[in-house]
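Shown here: run13.tsv, TSV, N, CA, C and O atoms.
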chain	number	residue	atom	x	y	z
R	1	GLN	N	-71.85	-194.26	53.65
R	1	GLN	CA	-71.98	-192.83	53.57
R	1	GLN	C	-73.39	-192.40	53.20
R	1	GLN	O	-73.82	-191.34	53.58
R	2	ASP	N	-74.09	-193.24	52.43
R	2	ASP	CA	-75.45	-192.89	52.07
R	2	ASP	C	-76.37	-192.89	53.27
R	2	ASP	O	-77.31	-192.11	53.34
R	3	LEU	N	-76.10	-193.76	54.23
R	3	LEU	CA	-76.93	-193.83	55.42
R	3	LEU	C	-76.65	-192.69	56.39
R	3	LEU	O	-77.52	-192.26	57.13
R	4	TYR	N	-75.41	-192.22	56.39
R	4	TYR	CA	-75.01	-191.16	57.31
R	4	TYR	C	-74.32	-190.04	56.55
R	4	TYR	O	-73.10	-189.91	56.56
R	5	PRO	N	-75.09	-189.21	55.86
R	5	PRO	CA	-74.46	-188.12	55.09
R	5	PRO	C	-73.80	-187.11	56.01
R	5	PRO	O	-74.19	-186.94	57.17
R	6	ASN	N	-72.80	-186.44	55.48
R	6	ASN	CA	-72.10	-185.41	56.25
R	6	ASN	C	-73.01	-184.18	56.34
R	6	ASN	O	-73.21	-183.48	55.36
R	7	THR	N	-73.53	-183.92	57.50
R	7	THR	CA	-74.43	-182.79	57.69
R	7	THR	C	-73.81	-181.70	58.55
R	7	THR	O	-74.50	-180.81	59.03
R	8	PHE	N	-72.49	-181.78	58.76
R	8	PHE	CA	-71.80	-180.79	59.57
R	8	PHE	C	-71.81	-179.45	58.86
R	8	PHE	O	-71.49	-179.36	57.68
R	9	CYS	N	-72.17	-178.42	59.58
R	9	CYS	CA	-72.17	-177.06	59.05
R	9	CYS	C	-71.18	-176.24	59.86
R	9	CYS	O	-71.43	-175.94	61.03
R	10	ASP	N	-70.08	-175.88	59.25
R	10	ASP	CA	-69.03	-175.14	59.95
R	10	ASP	C	-69.43	-173.67	60.09
R	10	ASP	O	-69.51	-172.93	59.11
R	11	MET	N	-69.68	-173.28	61.31
R	11	MET	CA	-70.07	-171.90	61.62
R	11	MET	C	-69.00	-171.20	62.46
R	11	MET	O	-69.25	-170.13	62.98
R	12	THR	N	-67.82	-171.80	62.58
R	12	THR	CA	-66.81	-171.25	63.48
R	12	THR	C	-66.11	-170.02	62.94
R	12	THR	O	-65.74	-169.14	63.70
R	13	ASN	N	-65.90	-169.95	61.63
R	13	ASN	CA	-65.15	-168.82	61.09
R	13	ASN	C	-65.65	-168.50	59.68
R	13	ASN	O	-64.96	-168.71	58.70
R	14	VAL	N	-66.85	-167.97	59.59
R	14	VAL	CA	-67.44	-167.63	58.30
R	14	VAL	C	-66.84	-166.32	57.82
R	14	VAL	O	-66.89	-165.32	58.53
R	15	THR	N	-66.25	-166.34	56.63
R	15	THR	CA	-65.63	-165.13	56.08
R	15	THR	C	-66.14	-164.87	54.66
R	15	THR	O	-66.65	-165.77	53.98
R	16	TRP	N	-65.95	-163.64	54.23
R	16	TRP	CA	-66.30	-163.27	52.86
R	16	TRP	C	-65.50	-164.14	51.88
R	16	TRP	O	-66.06	-164.76	50.98
R	17	THR	N	-64.19	-164.18	52.04
R	17	THR	CA	-63.32	-164.85	51.09
R	17	THR	C	-63.55	-166.35	51.01
R	17	THR	O	-63.61	-166.91	49.92
R	18	THR	N	-63.69	-166.99	52.14
R	18	THR	CA	-63.80	-168.45	52.17
R	18	THR	C	-65.21	-168.96	51.90
R	18	THR	O	-65.38	-169.98	51.24
R	19	ASP	N	-66.21	-168.26	52.41
R	19	ASP	CA	-67.58	-168.79	52.37
R	19	ASP	C	-68.54	-168.00	51.50
R	19	ASP	O	-69.25	-168.57	50.66
R	20	ILE	N	-68.61	-166.70	51.68
R	20	ILE	CA	-69.65	-165.89	51.04
R	20	ILE	C	-69.32	-165.58	49.58
R	20	ILE	O	-70.18	-165.73	48.70
R	21	GLU	N	-68.10	-165.17	49.29
R	21	GLU	CA	-67.73	-164.85	47.91
R	21	GLU	C	-67.92	-166.05	46.97
R	21	GLU	O	-68.51	-165.89	45.89
R	22	PRO	N	-67.48	-167.26	47.35
R	22	PRO	CA	-67.73	-168.40	46.46
R	22	PRO	C	-69.22	-168.66	46.23
R	22	PRO	O	-69.61	-169.03	45.12
R	23	LEU	N	-70.04	-168.44	47.24
R	23	LEU	CA	-71.49	-168.59	47.05
R	23	LEU	C	-72.03	-167.55	46.09
R	23	LEU	O	-72.83	-167.86	45.20
R	24	ALA	N	-71.61	-166.30	46.27
R	24	ALA	CA	-72.08	-165.23	45.39
R	24	ALA	C	-71.65	-165.51	43.95
R	24	ALA	O	-72.44	-165.33	43.02
R	25	GLN	N	-70.43	-165.98	43.77
R	25	GLN	CA	-69.93	-166.27	42.42
R	25	GLN	C	-70.65	-167.45	41.78
R	25	GLN	O	-70.95	-167.42	40.59
R	26	SER	N	-70.94	-168.48	42.56
R	26	SER	CA	-71.55	-169.68	41.98
R	26	SER	C	-73.07	-169.63	41.92
R	26	SER	O	-73.67	-170.28	41.07
R	27	ARG	N	-73.71	-168.87	42.80
R	27	ARG	CA	-75.17	-168.86	42.85
R	27	ARG	C	-75.83	-167.58	42.36
R	27	ARG	O	-76.98	-167.60	41.96
R	28	CYS	N	-75.10	-166.47	42.42
R	28	CYS	CA	-75.71	-165.17	42.09
R	28	CYS	C	-75.16	-164.58	40.80
R	28	CYS	O	-75.92	-164.03	40.00
R	29	ALA	N	-73.86	-164.63	40.64
R	29	ALA	CA	-73.20	-163.98	39.51
R	29	ALA	C	-73.21	-164.88	38.29
R	29	ALA	O	-72.18	-165.40	37.87
R	30	SER	N	-74.37	-165.08	37.72
R	30	SER	CA	-74.49	-165.91	36.53
R	30	SER	C	-75.05	-165.08	35.38
R	30	SER	O	-75.74	-164.09	35.61
R	31	PRO	N	-74.76	-165.46	34.14
R	31	PRO	CA	-75.25	-164.68	33.00
R	31	PRO	C	-76.76	-164.47	33.05
R	31	PRO	O	-77.51	-165.37	33.37
R	32	GLY	N	-77.16	-163.24	32.79
R	32	GLY	CA	-78.57	-162.90	32.82
R	32	GLY	C	-79.09	-162.61	34.20
R	32	GLY	O	-80.28	-162.39	34.40
R	33	CYS	N	-78.22	-162.60	35.18
R	33	CYS	CA	-78.68	-162.37	36.56
R	33	CYS	C	-77.89	-161.22	37.18
R	33	CYS	O	-77.97	-160.10	36.71
R	34	HIS	N	-77.13	-161.48	38.21
R	34	HIS	CA	-76.46	-160.43	38.98
R	34	HIS	C	-75.02	-160.18	38.50
R	34	HIS	O	-74.07	-160.37	39.24
R	35	VAL	N	-74.91	-159.76	37.25
R	35	VAL	CA	-73.61	-159.45	36.65
R	35	VAL	C	-73.65	-158.04	36.08
R	35	VAL	O	-74.73	-157.48	35.87
R	36	PRO	N	-72.49	-157.43	35.81
R	36	PRO	CA	-72.48	-156.08	35.24
R	36	PRO	C	-73.30	-156.01	33.95
R	36	PRO	O	-73.28	-156.92	33.14
R	37	GLY	N	-74.05	-154.94	33.81
R	37	GLY	CA	-74.84	-154.72	32.62
R	37	GLY	C	-76.27	-155.22	32.69
R	37	GLY	O	-77.07	-154.95	31.81
R	38	GLU	N	-76.61	-155.95	33.73
R	38	GLU	CA	-77.98	-156.44	33.89
R	38	GLU	C	-78.77	-155.45	34.74
R	38	GLU	O	-78.20	-154.57	35.39
R	39	THR	N	-80.08	-155.62	34.79
R	39	THR	CA	-80.90	-154.71	35.58
R	39	THR	C	-80.84	-155.03	37.07
R	39	THR	O	-81.09	-154.17	37.89
R	40	SER	N	-80.51	-156.27	37.43
R	40	SER	CA	-80.39	-156.61	38.85
R	40	SER	C	-79.05	-156.13	39.39
R	40	SER	O	-78.13	-155.89	38.63
R	41	PRO	N	-78.93	-156.01	40.70
R	41	PRO	CA	-77.66	-155.55	41.28
R	41	PRO	C	-76.50	-156.46	40.89
R	41	PRO	O	-76.67	-157.67	40.81
R	42	ASP	N	-75.36	-155.87	40.64
R	42	ASP	CA	-74.14	-156.62	40.31
R	42	ASP	C	-73.59	-157.24	41.59
R	42	ASP	O	-73.19	-156.54	42.51
R	43	LEU	N	-73.58	-158.57	41.65
R	43	LEU	CA	-73.08	-159.27	42.83
R	43	LEU	C	-71.80	-160.04	42.52
R	43	LEU	O	-71.50	-161.05	43.14
R	44	THR	N	-71.01	-159.53	41.58
R	44	THR	CA	-69.76	-160.19	41.22
R	44	THR	C	-68.58	-159.75	42.08
R	44	THR	O	-67.50	-160.31	41.96
R	45	SER	N	-68.79	-158.76	42.93
R	45	SER	CA	-67.70	-158.24	43.76
R	45	SER	C	-68.21	-157.95	45.17
R	45	SER	O	-69.42	-157.86	45.40
R	46	TYR	N	-67.27	-157.77	46.08
R	46	TYR	CA	-67.65	-157.43	47.45
R	46	TYR	C	-68.43	-156.12	47.47
R	46	TYR	O	-69.46	-156.02	48.14
R	47	SER	N	-67.98	-155.12	46.73
R	47	SER	CA	-68.66	-153.82	46.76
R	47	SER	C	-70.10	-153.94	46.27
R	47	SER	O	-70.99	-153.28	46.80
R	48	GLY	N	-70.33	-154.78	45.28
R	48	GLY	CA	-71.69	-154.98	44.80
R	48	GLY	C	-72.57	-155.66	45.83
R	48	GLY	O	-73.71	-155.25	46.08
R	49	VAL	N	-72.04	-156.71	46.45
R	49	VAL	CA	-72.79	-157.42	47.49
R	49	VAL	C	-73.02	-156.50	48.68
R	49	VAL	O	-74.13	-156.41	49.20
R	50	LYS	N	-71.99	-155.78	49.09
R	50	LYS	CA	-72.11	-154.89	50.25
R	50	LYS	C	-73.13	-153.79	50.00
R	50	LYS	O	-73.90	-153.43	50.89
R	51	GLY	N	-73.18	-153.28	48.77
R	51	GLY	CA	-74.19	-152.28	48.44
R	51	GLY	C	-75.60	-152.83	48.60
R	51	GLY	O	-76.49	-152.17	49.12
R	52	SER	N	-75.79	-154.07	48.18
R	52	SER	CA	-77.07	-154.74	48.32
R	52	SER	C	-77.39	-155.03	49.79
R	52	SER	O	-78.53	-154.91	50.24
R	53	VAL	N	-76.35	-155.39	50.55
R	53	VAL	CA	-76.52	-155.62	52.00
R	53	VAL	C	-76.94	-154.32	52.66
R	53	VAL	O	-77.90	-154.29	53.44
R	54	ASP	N	-76.23	-153.23	52.36
R	54	ASP	CA	-76.53	-151.94	52.98
R	54	ASP	C	-77.93	-151.43	52.61
R	54	ASP	O	-78.57	-150.76	53.42
R	55	ALA	N	-78.38	-151.76	51.42
R	55	ALA	CA	-79.72	-151.35	50.98
R	55	ALA	C	-80.81	-152.22	51.60
R	55	ALA	O	-81.99	-151.89	51.52
R	56	GLY	N	-80.41	-153.34	52.21
R	56	GLY	CA	-81.38	-154.24	52.84
R	56	GLY	C	-81.98	-155.27	51.90
R	56	GLY	O	-82.76	-156.12	52.31
R	57	THR	N	-81.58	-155.22	50.64
R	57	THR	CA	-82.17	-156.16	49.68
R	57	THR	C	-81.53	-157.53	49.69
R	57	THR	O	-82.18	-158.52	49.41
R	58	PHE	N	-80.25	-157.60	50.01
R	58	PHE	CA	-79.55	-158.89	50.00
R	58	PHE	C	-80.17	-159.86	51.00
R	58	PHE	O	-80.57	-160.96	50.65
R	59	ARG	N	-80.28	-159.45	52.24
R	59	ARG	CA	-80.85	-160.32	53.26
R	59	ARG	C	-82.30	-160.67	52.94
R	59	ARG	O	-82.72	-161.82	53.07
R	60	ASP	N	-83.04	-159.68	52.51
R	60	ASP	CA	-84.45	-159.90	52.21
R	60	ASP	C	-84.61	-160.95	51.11
R	60	ASP	O	-85.39	-161.89	51.26
R	61	ARG	N	-83.88	-160.81	50.03
R	61	ARG	CA	-84.04	-161.73	48.90
R	61	ARG	C	-83.45	-163.11	49.17
R	61	ARG	O	-84.02	-164.12	48.79
R	62	VAL	N	-82.30	-163.17	49.85
R	62	VAL	CA	-81.60	-164.44	50.05
R	62	VAL	C	-82.12	-165.21	51.26
R	62	VAL	O	-82.31	-166.42	51.20
R	63	ILE	N	-82.38	-164.52	52.36
R	63	ILE	CA	-82.76	-165.19	53.61
R	63	ILE	C	-84.27	-165.24	53.81
R	63	ILE	O	-84.82	-166.25	54.23
R	64	VAL	N	-84.95	-164.15	53.53
R	64	VAL	CA	-86.39	-164.06	53.82
R	64	VAL	C	-87.23	-164.61	52.66
R	64	VAL	O	-87.96	-165.58	52.82
R	65	VAL	N	-87.14	-163.99	51.51
R	65	VAL	CA	-87.99	-164.36	50.37
R	65	VAL	C	-87.51	-165.65	49.70
R	65	VAL	O	-88.32	-166.46	49.27
R	66	LYS	N	-86.21	-165.82	49.61
R	66	LYS	CA	-85.60	-167.01	48.99
R	66	LYS	C	-86.13	-167.23	47.58
R	66	LYS	O	-86.53	-168.33	47.21
R	67	ASP	N	-86.12	-166.20	46.76
R	67	ASP	CA	-86.67	-166.31	45.42
R	67	ASP	C	-85.60	-166.48	44.34
R	67	ASP	O	-85.74	-166.00	43.23
R	68	MET	N	-84.56	-167.20	44.66
R	68	MET	CA	-83.52	-167.46	43.70
R	68	MET	C	-84.02	-168.46	42.66
R	68	MET	O	-84.89	-169.28	42.95
R	69	PRO	N	-83.45	-168.40	41.44
R	69	PRO	CA	-83.90	-169.31	40.39
R	69	PRO	C	-83.70	-170.78	40.76
R	69	PRO	O	-82.83	-171.11	41.56
R	70	SER	N	-84.48	-171.61	40.15
R	70	SER	CA	-84.35	-173.05	40.35
R	70	SER	C	-82.93	-173.48	40.03
R	70	SER	O	-82.34	-173.03	39.06
R	71	GLY	N	-82.38	-174.35	40.86
R	71	GLY	CA	-81.03	-174.81	40.65
R	71	GLY	C	-79.98	-173.99	41.36
R	71	GLY	O	-78.83	-174.37	41.43
R	72	SER	N	-80.36	-172.83	41.89
R	72	SER	CA	-79.38	-172.03	42.62
R	72	SER	C	-79.81	-171.76	44.05
R	72	SER	O	-79.28	-170.89	44.71
R	73	SER	N	-80.78	-172.52	44.53
R	73	SER	CA	-81.21	-172.34	45.91
R	73	SER	C	-80.09	-172.77	46.85
R	73	SER	O	-79.23	-173.57	46.50
R	74	LEU	N	-80.11	-172.22	48.04
R	74	LEU	CA	-79.06	-172.48	49.03
R	74	LEU	C	-79.46	-173.58	50.00
R	74	LEU	O	-80.63	-173.78	50.27
R	75	THR	N	-78.46	-174.25	50.52
R	75	THR	CA	-78.71	-175.24	51.56
R	75	THR	C	-78.98	-174.51	52.87
R	75	THR	O	-78.68	-173.31	53.00
R	76	SER	N	-79.48	-175.22	53.83
R	76	SER	CA	-79.71	-174.65	55.16
R	76	SER	C	-78.39	-174.13	55.75
R	76	SER	O	-78.35	-173.06	56.35
R	77	CYS	N	-77.33	-174.88	55.56
R	77	CYS	CA	-76.02	-174.47	56.09
R	77	CYS	C	-75.56	-173.17	55.43
R	77	CYS	O	-75.10	-172.26	56.11
R	78	GLN	N	-75.69	-173.07	54.12
R	78	GLN	CA	-75.27	-171.85	53.42
R	78	GLN	C	-76.09	-170.64	53.89
R	78	GLN	O	-75.54	-169.56	54.09
R	79	THR	N	-77.37	-170.85	54.09
R	79	THR	CA	-78.23	-169.76	54.59
R	79	THR	C	-77.78	-169.33	55.98
R	79	THR	O	-77.70	-168.13	56.27
R	80	GLN	N	-77.47	-170.28	56.84
R	80	GLN	CA	-77.00	-169.97	58.19
R	80	GLN	C	-75.67	-169.22	58.14
R	80	GLN	O	-75.45	-168.28	58.91
R	81	GLN	N	-74.77	-169.63	57.25
R	81	GLN	CA	-73.49	-168.96	57.13
R	81	GLN	C	-73.66	-167.51	56.66
R	81	GLN	O	-73.02	-166.61	57.18
R	82	ILE	N	-74.54	-167.30	55.71
R	82	ILE	CA	-74.81	-165.94	55.24
R	82	ILE	C	-75.40	-165.10	56.37
R	82	ILE	O	-75.00	-163.96	56.58
R	83	GLU	N	-76.33	-165.66	57.09
R	83	GLU	CA	-76.96	-164.95	58.22
R	83	GLU	C	-75.90	-164.57	59.26
R	83	GLU	O	-75.89	-163.44	59.76
R	84	LEU	N	-74.99	-165.48	59.55
R	84	LEU	CA	-73.92	-165.20	60.51
R	84	LEU	C	-73.00	-164.09	59.98
R	84	LEU	O	-72.63	-163.17	60.72
R	85	TRP	N	-72.64	-164.16	58.72
R	85	TRP	CA	-71.78	-163.14	58.11
R	85	TRP	C	-72.47	-161.78	58.14
R	85	TRP	O	-71.85	-160.77	58.46
R	86	LEU	N	-73.75	-161.74	57.83
R	86	LEU	CA	-74.51	-160.49	57.88
R	86	LEU	C	-74.56	-159.94	59.30
R	86	LEU	O	-74.35	-158.74	59.52
R	87	SER	N	-74.81	-160.81	60.26
R	87	SER	CA	-74.89	-160.40	61.67
R	87	SER	C	-73.57	-159.85	62.19
R	87	SER	O	-73.54	-159.02	63.08
R	88	ALA	N	-72.46	-160.33	61.60
R	88	ALA	CA	-71.15	-159.87	62.02
R	88	ALA	C	-70.73	-158.59	61.30
R	88	ALA	O	-69.60	-158.12	61.45
R	89	GLY	N	-71.62	-158.01	60.51
R	89	GLY	CA	-71.33	-156.74	59.86
R	89	GLY	C	-71.00	-156.83	58.39
R	89	GLY	O	-70.63	-155.84	57.77
R	90	ALA	N	-71.09	-158.04	57.82
R	90	ALA	CA	-70.82	-158.25	56.38
R	90	ALA	C	-69.48	-157.66	55.98
R	90	ALA	O	-69.36	-156.95	54.98
R	91	VAL	N	-68.46	-157.98	56.75
R	91	VAL	CA	-67.12	-157.42	56.49
R	91	VAL	C	-66.40	-158.19	55.39
R	91	VAL	O	-66.69	-159.37	55.14
R	92	GLN	N	-65.47	-157.51	54.75
R	92	GLN	CA	-64.67	-158.12	53.69
R	92	GLN	C	-63.43	-158.73	54.32
R	92	GLN	O	-62.39	-158.11	54.42
R	93	ASN	N	-63.58	-159.95	54.77
R	93	ASN	CA	-62.47	-160.63	55.44
R	93	ASN	C	-62.11	-161.93	54.74
R	93	ASN	O	-62.78	-162.38	53.87
structure tokens encoding of this file:
Amino acid sequence: QDLYPNTFCDMTNVTWTTDIEPLAQSRCASPGCHVPGETSPDLTSYSGVKGSVDAGTFRDRVIVVKDMPSGSSLTSCQTQQIELWLSAGAVQN
């Protein structure tokens, strides 16, 4: 397995519930960052993420600038999944 790591990136059915919400919860919604009561946008819920998407800041910070704190950077597959979800209208599915 070390010689042939699993590099498959499932892009067939990217959804908020299965793919994007778990990423937001594990990578964005951490203490001192994107949680209620902080100065950054609250990304603990769909409405918070969608507000950031609609404002144009979500894509810019996550896909373009990629300025997430050390230890919470995304893999290429996760970035592609987010891009696909955004392109599909960032729906709550």
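In this comparison, which uses only N, CA, C and O atoms, the residue of R:Cys28, R:Ile82, R:Ser73, R:Leu43 approaching Arg59 of chain R most closely is R:Ile82.
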### 10 Å contact set for Ala24 of chain R, only C-alpha atoms, chain neighbours under 2 positions out, as JSON, numbers by chain
{"R": [16, 19, 20, 21, 22, 26, 27, 28, 29, 30, 34, 43, 44, 45, 46, 49]}
### Query
Just how far from atom CA of Cys9 of chain R is atom CA of Ser76 of chain R, in Å to one decimal?
8.8 Å
### Query
Using only C-alpha atoms, which of the listed residues (R:Lys66, R:Asn13, R:Gln25, R:Phe8) sits closest to Thr79 of chain R?
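The answer is R:Lys66, which sits nearest to Thr79 of chain R.
When atom CA of Gly48 of chain R is paired with atom CA of Met11 of chain R, their separation reads 23.9 Å.
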